[in-house]
Amino acid sequence: MKIGILGAGAIGTAVATRLAAGGHQVVLSNSRGPDTLASVVGKLGSGVSAGTRDEAAQAELVVLAVPGDRTTEALAGLPGWDGRVLVDATNDYAGSSSGPEGETSSEAVARRAPGARVVKAFNHLFAATLAADPRRPEGNRVLFVSGDDDDAKKMFTGLLTELGFAPIDLGGLADGGRLHQVPGGPLLGQDLVRLTPAEQQTRQ
Ligand SMILES: NC(=O)c1ccc[n+]([C@@H]2O[C@H](COP(=O)([O-])OP(=O)(O)OC[C@H]3O[C@@H](n4cnc5c(N)ncnc54)[C@H](OP(=O)(O)O)[C@@H]3O)[C@@H](O)[C@H]2O)c1
């Protein structure tokens, strides 16, 4: 799959690392243009290239990995989403939502990307953890996912499973999103493993 990433810092490159390891084509972008990303993509292998924000945003699946107070700028003026999937990895420490009271940060992202099917993920683990191989002898690393479109979540959780993660669907962006929202939710840094059936057997 061709996957675009908006943001090429700690989380953007961690996600790119896992996607490239899974054989996907990744277009990484930042606010300053592809020329500034030569050394970053050089370290990530042949599956990862640098592109403009527009090029990254045209991919079949796009990951948003910019600072929480930069999501408005990062999503402004992009080509139409037409139902493509936008994975929101951001955490809004600055509380920059200007929407209705109680809106979760990923609902705010969805409001800023009309037509995108937004899935919240990749936001509760630290970048170094996320970049590492999620397959362990006893089981696979858990990633929490929420979103309002079941087909988008199905497609995305299928991708995560193929990469070796163990996705857990927490529900919609309002209810589930609040559970893994950072700050506020209880899940920041919880590095959990879903035990393999064999491992469960041995522990019973
Ligand atoms: N670091 C973690 O462990 C961690 C864990 C979970 C979630 N998160 C969340 O993930 C997001 C990214 O965090 P990070 O640590 O990766 O940040 P970071 O290392 O500071 O990188 C931010 C990236 O976003 C880019 N960017 C900023 N404004 C942009 C725009 N308007 N358009 C396109 N790209 C833009 C920056 O590009 P320029 O350099 O060109 O400005 C940079 O490549 C944040 O919301 C953070 O809360 C981080």
# chains A, B, ... in the order shown; residues from 1 in each chain; ligands from 1
call {"tool": "residues_near_ligand", "arguments": {"ligand": "ligand 1", "cutoff": "6 Å", "atoms": "only C-alpha atoms and all ligand atoms", "output": "MDAnalysis selection string"}}
result
chainID A and resid 6:12 30:32 65:68 70 73:74 89:91 123:127
call {"tool": "write_last_selection", "arguments": {"atoms": "N, CA and C atoms", "output": "tab-separated table (two decimals), in the first residue's frame"}}
result
chain	number	residue	atom	x	y	z
A	6	LEU	N	2.16	12.95	7.22
A	6	LEU	CA	2.32	14.39	7.42
A	6	LEU	C	3.02	14.57	8.75
A	7	GLY	N	4.29	14.97	8.70
A	7	GLY	CA	5.10	15.06	9.91
A	7	GLY	C	6.20	14.01	9.86
A	8	ALA	N	7.45	14.45	9.95
A	8	ALA	CA	8.59	13.54	9.79
A	8	ALA	C	9.49	13.59	11.01
A	9	GLY	N	8.89	13.78	12.18
A	9	GLY	CA	9.67	13.81	13.42
A	9	GLY	C	9.70	12.43	14.05
A	10	ALA	N	9.69	12.40	15.39
A	10	ALA	CA	9.84	11.14	16.11
A	10	ALA	C	8.75	10.13	15.74
A	11	ILE	N	7.50	10.56	15.74
A	11	ILE	CA	6.42	9.61	15.46
A	11	ILE	C	6.29	9.30	13.97
A	12	GLY	N	6.42	10.32	13.13
A	12	GLY	CA	6.34	10.08	11.68
A	12	GLY	C	7.39	9.07	11.23
A	30	ASN	N	7.06	17.09	5.59
A	30	ASN	CA	7.09	18.00	6.74
A	30	ASN	C	6.62	19.38	6.29
A	31	SER	N	6.86	20.41	7.10
A	31	SER	CA	6.37	21.74	6.73
A	31	SER	C	7.35	22.47	5.82
A	32	ARG	N	8.61	21.96	5.73
A	32	ARG	CA	9.65	22.73	5.03
A	32	ARG	C	9.99	22.19	3.65
A	65	ALA	N	1.05	13.19	11.82
A	65	ALA	CA	2.02	13.07	12.92
A	65	ALA	C	2.73	14.41	13.14
A	66	VAL	N	1.92	15.45	13.30
A	66	VAL	CA	2.47	16.79	13.56
A	66	VAL	C	2.14	17.17	15.00
A	67	PRO	N	2.79	18.19	15.54
A	67	PRO	CA	2.42	18.63	16.89
A	67	PRO	C	0.92	18.95	16.96
A	68	GLY	N	0.32	18.67	18.13
A	68	GLY	CA	-1.12	18.83	18.27
A	68	GLY	C	-1.63	20.22	17.96
A	70	ARG	N	-0.51	22.05	15.58
A	70	ARG	CA	-0.22	22.36	14.17
A	70	ARG	C	-1.16	21.62	13.21
A	73	GLU	N	-2.93	23.85	10.38
A	73	GLU	CA	-2.05	24.21	9.26
A	73	GLU	C	-1.71	22.98	8.42
A	74	ALA	N	-1.45	21.86	9.09
A	74	ALA	CA	-1.01	20.66	8.36
A	74	ALA	C	-2.11	20.13	7.44
A	89	ALA	N	-2.39	10.47	14.71
A	89	ALA	CA	-1.43	10.03	15.75
A	89	ALA	C	-1.11	11.17	16.71
A	90	THR	N	-1.82	12.30	16.59
A	90	THR	CA	-1.42	13.48	17.36
A	90	THR	C	-1.99	13.46	18.77
A	91	ASN	N	-1.30	14.16	19.64
A	91	ASN	CA	-1.78	14.43	21.00
A	91	ASN	C	-1.82	15.94	21.18
A	123	ASN	N	-0.93	6.93	19.03
A	123	ASN	CA	-0.70	8.12	19.87
A	123	ASN	C	-0.36	7.79	21.33
A	124	HIS	N	-0.52	6.54	21.75
A	124	HIS	CA	-0.37	6.29	23.20
A	124	HIS	C	1.01	5.74	23.56
A	125	LEU	N	1.79	5.33	22.55
A	125	LEU	CA	3.12	4.78	22.84
A	125	LEU	C	4.20	5.79	22.49
A	126	PHE	N	5.34	5.70	23.16
A	126	PHE	CA	6.45	6.60	22.85
A	126	PHE	C	7.10	6.13	21.54
A	127	ALA	N	7.70	7.09	20.85
A	127	ALA	CA	8.16	6.83	19.49
A	127	ALA	C	9.13	5.65	19.42
call {"tool": "select_by_dssp", "arguments": {"residues": "segment 12-181 of chain A", "states": "alpha helix (DSSP H)", "output": "NGL selection string"}}
result
:A and (12-21 or 38-44 or 53-57 or 71-75 or 105-112 or 127-131 or 150-163 or 175-179)
call {"tool": "closest_residue", "arguments": {"among": "A:Gln58, A:Gly139, A:Pro134, A:Val85", "to": "Pro197 of chain A", "atoms": "only C-alpha atoms"}}
result
A:Gly139
call {"tool": "residues_around", "arguments": {"residues": "Ser105 of chain A", "least_positions_apart": "5", "cutoff": "12 Å", "atoms": "only C-alpha atoms", "output": "PyMOL selection string"}}
result
chain A and resi 67-69+71-72+88-100+110-112+118-120+123+173-185
call {"tool": "residues_around", "arguments": {"residues": "Thr196 of chain A", "least_positions_apart": "5", "cutoff": "9 Å", "atoms": "only C-alpha atoms", "output": "list in words"}}
result
Pro137, Glu138, Gly139, Asn140 and Gln201 of chain A
